[in-house]
>>> print(open('coords_19.pdb').read())   # PDB, N, CA and C atoms
MODEL        1
ATOM      1  N   MET M   1      63.010 173.738  83.964  1.00  0.00           N
ATOM      2  CA  MET M   1      63.168 175.095  84.465  1.00  0.00           C
ATOM      3  C   MET M   1      62.029 175.452  85.413  1.00  0.00           C
ATOM      4  N   VAL M   2      60.839 174.957  85.101  1.00  0.00           N
ATOM      5  CA  VAL M   2      59.697 175.272  85.951  1.00  0.00           C
ATOM      6  C   VAL M   2      59.916 174.713  87.354  1.00  0.00           C
ATOM      7  N   ASN M   3      60.419 173.500  87.448  1.00  0.00           N
ATOM      8  CA  ASN M   3      60.662 172.904  88.757  1.00  0.00           C
ATOM      9  C   ASN M   3      61.686 173.701  89.555  1.00  0.00           C
ATOM     10  N   ARG M   4      62.707 174.192  88.878  1.00  0.00           N
ATOM     11  CA  ARG M   4      63.737 174.998  89.551  1.00  0.00           C
ATOM     12  C   ARG M   4      63.138 176.311  90.045  1.00  0.00           C
ATOM     13  N   ASN M   5      62.311 176.952  89.214  1.00  0.00           N
ATOM     14  CA  ASN M   5      61.652 178.184  89.633  1.00  0.00           C
ATOM     15  C   ASN M   5      60.735 177.940  90.824  1.00  0.00           C
ATOM     16  N   MET M   6      60.041 176.835  90.799  1.00  0.00           N
ATOM     17  CA  MET M   6      59.151 176.512  91.916  1.00  0.00           C
ATOM     18  C   MET M   6      59.958 176.299  93.192  1.00  0.00           C
ATOM     19  N   LEU M   7      61.097 175.649  93.075  1.00  0.00           N
ATOM     20  CA  LEU M   7      61.958 175.422  94.228  1.00  0.00           C
ATOM     21  C   LEU M   7      62.445 176.754  94.801  1.00  0.00           C
ATOM     22  N   VAL M   8      62.867 177.653  93.938  1.00  0.00           N
ATOM     23  CA  VAL M   8      63.340 178.963  94.395  1.00  0.00           C
ATOM     24  C   VAL M   8      62.180 179.729  95.038  1.00  0.00           C
ATOM     25  N   GLN M   9      60.980 179.631  94.474  1.00  0.00           N
ATOM     26  CA  GLN M   9      59.819 180.294  95.068  1.00  0.00           C
ATOM     27  C   GLN M   9      59.543 179.778  96.479  1.00  0.00           C
ATOM     28  N   VAL M  10      59.651 178.484  96.670  1.00  0.00           N
ATOM     29  CA  VAL M  10      59.445 177.904  97.998  1.00  0.00           C
ATOM     30  C   VAL M  10      60.516 178.405  98.957  1.00  0.00           C
ATOM     31  N   ARG M  11      61.757 178.467  98.490  1.00  0.00           N
ATOM     32  CA  ARG M  11      62.843 178.971  99.337  1.00  0.00           C
ATOM     33  C   ARG M  11      62.633 180.442  99.694  1.00  0.00           C
ATOM     34  N   ILE M  12      62.117 181.214  98.740  1.00  0.00           N
ATOM     35  CA  ILE M  12      61.822 182.623  98.999  1.00  0.00           C
ATOM     36  C   ILE M  12      60.754 182.752 100.084  1.00  0.00           C
ATOM     37  N   GLU M  13      59.702 181.974  99.972  1.00  0.00           N
ATOM     38  CA  GLU M  13      58.632 182.049 100.970  1.00  0.00           C
ATOM     39  C   GLU M  13      59.126 181.643 102.357  1.00  0.00           C
ATOM     40  N   ARG M  14      59.945 180.619 102.416  1.00  0.00           N
ATOM     41  CA  ARG M  14      60.507 180.195 103.711  1.00  0.00           C
ATOM     42  C   ARG M  14      61.410 181.284 104.293  1.00  0.00           C
ATOM     43  N   ALA M  15      62.220 181.890 103.438  1.00  0.00           N
ATOM     44  CA  ALA M  15      63.112 182.954 103.898  1.00  0.00           C
ATOM     45  C   ALA M  15      62.318 184.165 104.361  1.00  0.00           C
ATOM     46  N   ARG M  16      61.243 184.469 103.652  1.00  0.00           N
ATOM     47  CA  ARG M  16      60.396 185.601 104.020  1.00  0.00           C
ATOM     48  C   ARG M  16      59.715 185.343 105.372  1.00  0.00           C
ATOM     49  N   ASN M  17      59.229 184.121 105.555  1.00  0.00           N
ATOM     50  CA  ASN M  17      58.603 183.774 106.835  1.00  0.00           C
ATOM     51  C   ASN M  17      59.609 183.854 107.976  1.00  0.00           C
ATOM     52  N   ARG M  18      60.806 183.359 107.732  1.00  0.00           N
ATOM     53  CA  ARG M  18      61.853 183.412 108.764  1.00  0.00           C
ATOM     54  C   ARG M  18      62.186 184.868 109.097  1.00  0.00           C
ATOM     55  N   LEU M  19      62.229 185.728 108.094  1.00  0.00           N
ATOM     56  CA  LEU M  19      62.506 187.142 108.318  1.00  0.00           C
ATOM     57  C   LEU M  19      61.447 187.765 109.227  1.00  0.00           C
ATOM     58  N   HIS M  20      60.182 187.468 108.960  1.00  0.00           N
ATOM     59  CA  HIS M  20      59.104 187.991 109.800  1.00  0.00           C
ATOM     60  C   HIS M  20      59.217 187.498 111.241  1.00  0.00           C
ATOM     61  N   ILE M  21      59.535 186.232 111.396  1.00  0.00           N
ATOM     62  CA  ILE M  21      59.683 185.656 112.733  1.00  0.00           C
ATOM     63  C   ILE M  21      60.817 186.331 113.490  1.00  0.00           C
ATOM     64  N   LEU M  22      61.952 186.501 112.814  1.00  0.00           N
ATOM     65  CA  LEU M  22      63.096 187.142 113.468  1.00  0.00           C
ATOM     66  C   LEU M  22      62.804 188.599 113.826  1.00  0.00           C
ATOM     67  N   ALA M  23      62.127 189.306 112.944  1.00  0.00           N
ATOM     68  CA  ALA M  23      61.798 190.707 113.220  1.00  0.00           C
ATOM     69  C   ALA M  23      60.873 190.815 114.428  1.00  0.00           C
ATOM     70  N   GLU M  24      59.910 189.916 114.529  1.00  0.00           N
ATOM     71  CA  GLU M  24      59.009 189.911 115.685  1.00  0.00           C
ATOM     72  C   GLU M  24      59.755 189.520 116.962  1.00  0.00           C
ATOM     73  N   LYS M  25      60.611 188.541 116.850  1.00  0.00           N
ATOM     74  CA  LYS M  25      61.342 188.053 118.019  1.00  0.00           C
ATOM     75  C   LYS M  25      62.248 189.132 118.609  1.00  0.00           C
ATOM     76  N   HIS M  26      62.959 189.845 117.747  1.00  0.00           N
ATOM     77  CA  HIS M  26      63.943 190.816 118.215  1.00  0.00           C
ATOM     78  C   HIS M  26      63.385 192.233 118.357  1.00  0.00           C
ATOM     79  N   HIS M  27      62.171 192.458 117.846  1.00  0.00           N
ATOM     80  CA  HIS M  27      61.546 193.788 117.908  1.00  0.00           C
ATOM     81  C   HIS M  27      62.483 194.871 117.388  1.00  0.00           C
ATOM     82  N   ASP M  28      63.277 194.500 116.393  1.00  0.00           N
ATOM     83  CA  ASP M  28      64.278 195.440 115.894  1.00  0.00           C
ATOM     84  C   ASP M  28      64.678 195.035 114.479  1.00  0.00           C
ATOM     85  N   LEU M  29      64.361 195.889 113.516  1.00  0.00           N
ATOM     86  CA  LEU M  29      64.710 195.582 112.132  1.00  0.00           C
ATOM     87  C   LEU M  29      66.206 195.718 111.867  1.00  0.00           C
ATOM     88  N   GLN M  30      66.931 196.344 112.788  1.00  0.00           N
ATOM     89  CA  GLN M  30      68.376 196.522 112.630  1.00  0.00           C
ATOM     90  C   GLN M  30      69.189 195.445 113.363  1.00  0.00           C
ATOM     91  N   HIS M  31      68.510 194.499 113.969  1.00  0.00           N
ATOM     92  CA  HIS M  31      69.207 193.416 114.665  1.00  0.00           C
ATOM     93  C   HIS M  31      70.020 192.618 113.635  1.00  0.00           C
ATOM     94  N   PRO M  32      71.234 192.201 113.990  1.00  0.00           N
ATOM     95  CA  PRO M  32      72.088 191.471 113.033  1.00  0.00           C
ATOM     96  C   PRO M  32      71.422 190.235 112.418  1.00  0.00           C
ATOM     97  N   ALA M  33      70.655 189.499 113.196  1.00  0.00           N
ATOM     98  CA  ALA M  33      69.998 188.299 112.660  1.00  0.00           C
ATOM     99  C   ALA M  33      68.940 188.666 111.621  1.00  0.00           C
ATOM    100  N   VAL M  34      68.235 189.772 111.852  1.00  0.00           N
ATOM    101  CA  VAL M  34      67.214 190.229 110.915  1.00  0.00           C
ATOM    102  C   VAL M  34      67.880 190.728 109.632  1.00  0.00           C
ATOM    103  N   LEU M  35      68.938 191.494 109.770  1.00  0.00           N
ATOM    104  CA  LEU M  35      69.652 192.000 108.597  1.00  0.00           C
ATOM    105  C   LEU M  35      70.241 190.858 107.766  1.00  0.00           C
ATOM    106  N   LYS M  36      70.801 189.867 108.444  1.00  0.00           N
ATOM    107  CA  LYS M  36      71.376 188.717 107.740  1.00  0.00           C
ATOM    108  C   LYS M  36      70.297 187.969 106.959  1.00  0.00           C
ATOM    109  N   GLN M  37      69.146 187.756 107.592  1.00  0.00           N
ATOM    110  CA  GLN M  37      68.058 187.044 106.923  1.00  0.00           C
ATOM    111  C   GLN M  37      67.507 187.869 105.761  1.00  0.00           C
ATOM    112  N   SER M  38      67.499 189.171 105.910  1.00  0.00           N
ATOM    113  CA  SER M  38      67.061 190.044 104.826  1.00  0.00           C
ATOM    114  C   SER M  38      67.981 189.900 103.616  1.00  0.00           C
ATOM    115  N   MET M  39      69.268 189.767 103.859  1.00  0.00           N
ATOM    116  CA  MET M  39      70.228 189.578 102.765  1.00  0.00           C
ATOM    117  C   MET M  39      70.032 188.222 102.095  1.00  0.00           C
ATOM    118  N   VAL M  40      69.720 187.200 102.896  1.00  0.00           N
ATOM    119  CA  VAL M  40      69.434 185.875 102.332  1.00  0.00           C
ATOM    120  C   VAL M  40      68.226 185.969 101.403  1.00  0.00           C
ATOM    121  N   LEU M  41      67.192 186.632 101.868  1.00  0.00           N
ATOM    122  CA  LEU M  41      65.991 186.796 101.055  1.00  0.00           C
ATOM    123  C   LEU M  41      66.292 187.578  99.777  1.00  0.00           C
ATOM    124  N   ASP M  42      67.061 188.645  99.892  1.00  0.00           N
ATOM    125  CA  ASP M  42      67.437 189.432  98.710  1.00  0.00           C
ATOM    126  C   ASP M  42      68.155 188.576  97.679  1.00  0.00           C
ATOM    127  N   GLU M  43      69.075 187.747  98.133  1.00  0.00           N
ATOM    128  CA  GLU M  43      69.828 186.893  97.205  1.00  0.00           C
ATOM    129  C   GLU M  43      68.905 185.903  96.488  1.00  0.00           C
ATOM    130  N   LEU M  44      67.963 185.339  97.209  1.00  0.00           N
ATOM    131  CA  LEU M  44      67.025 184.403  96.586  1.00  0.00           C
ATOM    132  C   LEU M  44      66.144 185.110  95.554  1.00  0.00           C
ATOM    133  N   ILE M  45      65.697 186.311  95.882  1.00  0.00           N
ATOM    134  CA  ILE M  45      64.878 187.074  94.937  1.00  0.00           C
ATOM    135  C   ILE M  45      65.701 187.427  93.707  1.00  0.00           C
ATOM    136  N   ASN M  46      66.952 187.822  93.903  1.00  0.00           N
ATOM    137  CA  ASN M  46      67.823 188.122  92.766  1.00  0.00           C
ATOM    138  C   ASN M  46      68.033 186.886  91.891  1.00  0.00           C
ATOM    139  N   GLN M  47      68.232 185.744  92.522  1.00  0.00           N
ATOM    140  CA  GLN M  47      68.402 184.486  91.789  1.00  0.00           C
ATOM    141  C   GLN M  47      67.156 184.187  90.963  1.00  0.00           C
ATOM    142  N   TYR M  48      65.999 184.333  91.571  1.00  0.00           N
ATOM    143  CA  TYR M  48      64.734 184.080  90.876  1.00  0.00           C
ATOM    144  C   TYR M  48      64.588 185.012  89.672  1.00  0.00           C
ATOM    145  N   ASN M  49      64.885 186.278  89.867  1.00  0.00           N
ATOM    146  CA  ASN M  49      64.753 187.251  88.781  1.00  0.00           C
ATOM    147  C   ASN M  49      65.742 186.981  87.650  1.00  0.00           C
ATOM    148  N   MET M  50      66.982 186.618  87.980  1.00  0.00           N
ATOM    149  CA  MET M  50      67.980 186.332  86.950  1.00  0.00           C
ATOM    150  C   MET M  50      67.596 185.098  86.142  1.00  0.00           C
ATOM    151  N   GLU M  51      67.119 184.069  86.822  1.00  0.00           N
ATOM    152  CA  GLU M  51      66.716 182.856  86.118  1.00  0.00           C
ATOM    153  C   GLU M  51      65.518 183.128  85.223  1.00  0.00           C
ATOM    154  N   GLY M  52      64.602 183.963  85.696  1.00  0.00           N
ATOM    155  CA  GLY M  52      63.454 184.328  84.870  1.00  0.00           C
ATOM    156  C   GLY M  52      63.871 185.105  83.647  1.00  0.00           C
ATOM    157  N   GLU M  53      64.820 186.008  83.810  1.00  0.00           N
ATOM    158  CA  GLU M  53      65.322 186.790  82.679  1.00  0.00           C
ATOM    159  C   GLU M  53      66.030 185.889  81.669  1.00  0.00           C
ATOM    160  N   GLN M  54      66.811 184.942  82.163  1.00  0.00           N
ATOM    161  CA  GLN M  54      67.491 184.011  81.263  1.00  0.00           C
ATOM    162  C   GLN M  54      66.472 183.184  80.485  1.00  0.00           C
ATOM    163  N   GLN M  55      65.418 182.757  81.154  1.00  0.00           N
ATOM    164  CA  GLN M  55      64.382 181.962  80.493  1.00  0.00           C
ATOM    165  C   GLN M  55      63.666 182.787  79.427  1.00  0.00           C
ATOM    166  N   ARG M  56      63.400 184.069  79.723  1.00  0.00           N
ATOM    167  CA  ARG M  56      62.750 184.937  78.732  1.00  0.00           C
ATOM    168  C   ARG M  56      63.645 185.146  77.517  1.00  0.00           C
ATOM    169  N   LEU M  57      64.952 185.290  77.739  1.00  0.00           N
ATOM    170  CA  LEU M  57      65.884 185.441  76.619  1.00  0.00           C
ATOM    171  C   LEU M  57      65.911 184.192  75.737  1.00  0.00           C
ATOM    172  N   ILE M  58      65.922 183.037  76.368  1.00  0.00           N
ATOM    173  CA  ILE M  58      65.922 181.772  75.623  1.00  0.00           C
ATOM    174  C   ILE M  58      64.654 181.659  74.785  1.00  0.00           C
ATOM    175  N   GLU M  59      63.512 181.974  75.395  1.00  0.00           N
ATOM    176  CA  GLU M  59      62.247 181.888  74.670  1.00  0.00           C
ATOM    177  C   GLU M  59      62.193 182.906  73.538  1.00  0.00           C
ATOM    178  N   SER M  60      62.741 184.085  73.755  1.00  0.00           N
ATOM    179  CA  SER M  60      62.771 185.121  72.721  1.00  0.00           C
ATOM    180  C   SER M  60      63.621 184.672  71.539  1.00  0.00           C
ATOM    181  N   ARG M  61      64.767 184.081  71.831  1.00  0.00           N
ATOM    182  CA  ARG M  61      65.648 183.593  70.755  1.00  0.00           C
ATOM    183  C   ARG M  61      64.966 182.484  69.961  1.00  0.00           C
ATOM    184  N   LYS M  62      64.297 181.578  70.649  1.00  0.00           N
ATOM    185  CA  LYS M  62      63.586 180.496  69.958  1.00  0.00           C
ATOM    186  C   LYS M  62      62.498 181.063  69.063  1.00  0.00           C
ATOM    187  N   SER M  63      61.811 182.068  69.558  1.00  0.00           N
ATOM    188  CA  SER M  63      60.750 182.699  68.779  1.00  0.00           C
ATOM    189  C   SER M  63      61.316 183.342  67.527  1.00  0.00           C
ATOM    190  N   LEU M  64      62.437 184.034  67.664  1.00  0.00           N
ATOM    191  CA  LEU M  64      63.076 184.654  66.497  1.00  0.00           C
ATOM    192  C   LEU M  64      63.551 183.608  65.494  1.00  0.00           C
ATOM    193  N   GLU M  65      64.116 182.520  66.009  1.00  0.00           N
ATOM    194  CA  GLU M  65      64.583 181.449  65.126  1.00  0.00           C
ATOM    195  C   GLU M  65      63.418 180.843  64.357  1.00  0.00           C
ATOM    196  N   ASN M  66      62.297 180.669  65.039  1.00  0.00           N
ATOM    197  CA  ASN M  66      61.123 180.093  64.371  1.00  0.00           C
ATOM    198  C   ASN M  66      60.601 181.039  63.301  1.00  0.00           C
ATOM    199  N   LYS M  67      60.623 182.337  63.538  1.00  0.00           N
ATOM    200  CA  LYS M  67      60.166 183.308  62.555  1.00  0.00           C
ATOM    201  C   LYS M  67      61.058 183.288  61.329  1.00  0.00           C
ATOM    202  N   HIS M  68      62.375 183.157  61.553  1.00  0.00           N
ATOM    203  CA  HIS M  68      63.318 183.155  60.445  1.00  0.00           C
ATOM    204  C   HIS M  68      63.174 181.888  59.598  1.00  0.00           C
ATOM    205  N   THR M  69      62.848 180.779  60.184  1.00  0.00           N
ATOM    206  CA  THR M  69      62.707 179.554  59.425  1.00  0.00           C
ATOM    207  C   THR M  69      61.408 179.541  58.627  1.00  0.00           C
ATOM    208  N   LEU M  70      60.435 180.350  59.033  1.00  0.00           N
ATOM    209  CA  LEU M  70      59.176 180.420  58.305  1.00  0.00           C
ATOM    210  C   LEU M  70      59.303 181.224  57.018  1.00  0.00           C
ATOM    211  N   TYR M  71      60.242 182.141  56.952  1.00  0.00           N
ATOM    212  CA  TYR M  71      60.362 183.020  55.782  1.00  0.00           C
ATOM    213  C   TYR M  71      61.421 182.577  54.866  1.00  0.00           C
TER     214      TYR M  71
ENDMDL
END
>>> encode(input="coords_19.pdb", output="structure tokens")
Amino acid sequence: MVNRNMLVQVRIERARNRLHILAEKHHDLQHPAVLKQSMVLDELINQYNMEGEQQRLIESRKSLENKHTLY
């Protein structure tokens, strides 16, 4: 899971850099290319957050299971 998160983080940084480049190139945050890249970045951030939430749920369940087996 860590490797997958790291991969998504790298993709987020690349998408963020591309967004900055496009915004500078077009001098317009409403340019279609800038808006499209912004949506790409949003999707990657959403993916990262969902995977993190799933990982936290898995760890929480394991923790609860371990507590129950101790008692």
>>> atom_distance(input="coords_19.pdb", atom1="atom CA of Glu13 of chain M", atom2="atom CA of Glu51 of chain M")
16.9 Å
>>> closest_residue(input="coords_19.pdb", among="M:Met6, M:Ala15, M:Leu57, M:Leu22", to="Asp42 of chain M", atoms="all atoms listed in the file")
M:Ala15
>>> residues_near_point(input="coords_19.pdb", point="(59.7, 181.5, 95.4)", cutoff="12 Å", atoms="only C-alpha atoms", output="ChimeraX atom specification")
/M:2-17,41-49,51-52
>>> atom_distance(input="coords_19.pdb", atom1="atom N of Met39 of chain M", atom2="atom N of Glu53 of chain M")
20.9 Å
>>> atom_distance(input="coords_19.pdb", atom1="atom CA of Val34 of chain M", atom2="atom N of Met50 of chain M")
23.2 Å
>>> residues_around(input="coords_19.pdb", residues="Ala33 of chain M", least_positions_apart="3", cutoff="7 Å", atoms="all atoms listed in the file", output="PyMOL selection string")
chain M and resi 22-23+30+36-38
>>> axis_aligned_box(input="coords_19.pdb", around="segment 5-16 of chain M", padding_each_side="8 Å", output="AutoDock Vina command-line options")
--center_x 61.0 --center_y 180.5 --center_z 97.3 --size_x 20.7 --size_y 26.2 --size_z 32.2
>>> decode(input="coords_19.pdb", residues="segment 12-41 of chain M", atoms="N, CA, C and O atoms", output="CSV table (one decimal), in the first residue's frame")
chain,number,residue,atom,x,y,z
M,12,ILE,N,0.5,13.1,-8.3
M,12,ILE,CA,-0.1,14.4,-7.9
M,12,ILE,C,0.9,15.6,-8.1
M,12,ILE,O,0.6,16.6,-8.6
M,13,GLU,N,2.2,15.3,-7.7
M,13,GLU,CA,3.2,16.4,-7.9
M,13,GLU,C,3.4,16.7,-9.4
M,13,GLU,O,3.5,17.9,-9.7
M,14,ARG,N,3.4,15.7,-10.2
M,14,ARG,CA,3.6,16.0,-11.7
M,14,ARG,C,2.4,16.7,-12.2
M,14,ARG,O,2.5,17.7,-13.0
M,15,ALA,N,1.2,16.3,-11.8
M,15,ALA,CA,0.0,17.0,-12.2
M,15,ALA,C,-0.1,18.5,-11.8
M,15,ALA,O,-0.5,19.4,-12.5
M,16,ARG,N,0.4,18.7,-10.5
M,16,ARG,CA,0.4,20.0,-10.0
M,16,ARG,C,1.4,20.9,-10.7
M,16,ARG,O,1.1,22.1,-11.1
M,17,ASN,N,2.6,20.3,-11.0
M,17,ASN,CA,3.6,21.1,-11.8
M,17,ASN,C,3.0,21.4,-13.2
M,17,ASN,O,3.2,22.5,-13.7
M,18,ARG,N,2.4,20.5,-13.8
M,18,ARG,CA,1.8,20.7,-15.2
M,18,ARG,C,0.7,21.8,-15.1
M,18,ARG,O,0.7,22.6,-16.0
M,19,LEU,N,-0.1,21.8,-14.0
M,19,LEU,CA,-1.1,22.8,-13.9
M,19,LEU,C,-0.4,24.2,-13.8
M,19,LEU,O,-0.9,25.2,-14.4
M,20,HIS,N,0.6,24.3,-13.0
M,20,HIS,CA,1.3,25.6,-12.9
M,20,HIS,C,1.9,26.1,-14.2
M,20,HIS,O,1.8,27.2,-14.6
M,21,ILE,N,2.5,25.1,-15.0
M,21,ILE,CA,3.0,25.5,-16.3
M,21,ILE,C,1.9,25.9,-17.2
M,21,ILE,O,2.1,26.9,-17.9
M,22,LEU,N,0.8,25.2,-17.3
M,22,LEU,CA,-0.3,25.6,-18.2
M,22,LEU,C,-0.9,27.0,-17.8
M,22,LEU,O,-1.2,27.8,-18.6
M,23,ALA,N,-1.0,27.2,-16.5
M,23,ALA,CA,-1.5,28.5,-16.0
M,23,ALA,C,-0.6,29.7,-16.4
M,23,ALA,O,-1.1,30.7,-16.9
M,24,GLU,N,0.7,29.5,-16.3
M,24,GLU,CA,1.6,30.5,-16.7
M,24,GLU,C,1.6,30.7,-18.2
M,24,GLU,O,1.7,31.8,-18.7
M,25,LYS,N,1.6,29.6,-19.0
M,25,LYS,CA,1.6,29.6,-20.4
M,25,LYS,C,0.4,30.4,-21.0
M,25,LYS,O,0.5,31.2,-21.9
M,26,HIS,N,-0.8,30.1,-20.5
M,26,HIS,CA,-2.0,30.7,-21.0
M,26,HIS,C,-2.4,32.0,-20.3
M,26,HIS,O,-3.3,32.7,-20.8
M,27,HIS,N,-1.8,32.3,-19.2
M,27,HIS,CA,-2.1,33.5,-18.5
M,27,HIS,C,-3.6,33.6,-18.2
M,27,HIS,O,-4.2,34.7,-18.2
M,28,ASP,N,-4.2,32.5,-18.0
M,28,ASP,CA,-5.7,32.5,-17.8
M,28,ASP,C,-6.1,31.2,-17.0
M,28,ASP,O,-5.9,30.1,-17.6
M,29,LEU,N,-6.6,31.4,-15.8
M,29,LEU,CA,-7.0,30.2,-15.1
M,29,LEU,C,-8.3,29.6,-15.6
M,29,LEU,O,-8.6,28.4,-15.2
M,30,GLN,N,-9.0,30.3,-16.5
M,30,GLN,CA,-10.2,29.7,-17.1
M,30,GLN,C,-10.0,29.1,-18.4
M,30,GLN,O,-10.9,28.6,-19.1
M,31,HIS,N,-8.7,29.0,-18.9
M,31,HIS,CA,-8.4,28.4,-20.2
M,31,HIS,C,-8.8,26.9,-20.1
M,31,HIS,O,-8.6,26.3,-19.1
M,32,PRO,N,-9.4,26.4,-21.1
M,32,PRO,CA,-9.8,24.9,-21.1
M,32,PRO,C,-8.7,24.0,-20.7
M,32,PRO,O,-8.9,23.0,-20.0
M,33,ALA,N,-7.5,24.2,-21.2
M,33,ALA,CA,-6.4,23.3,-20.8
M,33,ALA,C,-6.0,23.3,-19.3
M,33,ALA,O,-5.7,22.3,-18.7
M,34,VAL,N,-6.1,24.5,-18.7
M,34,VAL,CA,-5.9,24.7,-17.3
M,34,VAL,C,-7.0,24.1,-16.5
M,34,VAL,O,-6.7,23.3,-15.5
M,35,LEU,N,-8.2,24.3,-16.9
M,35,LEU,CA,-9.4,23.7,-16.2
M,35,LEU,C,-9.3,22.1,-16.3
M,35,LEU,O,-9.6,21.4,-15.3
M,36,LYS,N,-9.0,21.6,-17.4
M,36,LYS,CA,-8.9,20.2,-17.6
M,36,LYS,C,-7.8,19.6,-16.7
M,36,LYS,O,-8.0,18.6,-16.0
M,37,GLN,N,-6.6,20.3,-16.6
M,37,GLN,CA,-5.5,19.8,-15.8
M,37,GLN,C,-5.9,19.9,-14.3
M,37,GLN,O,-5.5,19.0,-13.5
M,38,SER,N,-6.7,20.9,-14.0
M,38,SER,CA,-7.1,21.1,-12.6
M,38,SER,C,-8.0,19.9,-12.2
M,38,SER,O,-7.9,19.4,-11.1
M,39,MET,N,-8.9,19.4,-13.1
M,39,MET,CA,-9.7,18.3,-12.9
M,39,MET,C,-8.9,17.0,-12.7
M,39,MET,O,-9.2,16.2,-11.9
M,40,VAL,N,-7.9,16.9,-13.5
M,40,VAL,CA,-7.0,15.7,-13.4
M,40,VAL,C,-6.3,15.7,-12.0
M,40,VAL,O,-6.3,14.7,-11.3
M,41,LEU,N,-5.9,16.9,-11.6
M,41,LEU,CA,-5.3,17.0,-10.2
M,41,LEU,C,-6.3,16.6,-9.1
M,41,LEU,O,-6.0,15.9,-8.2
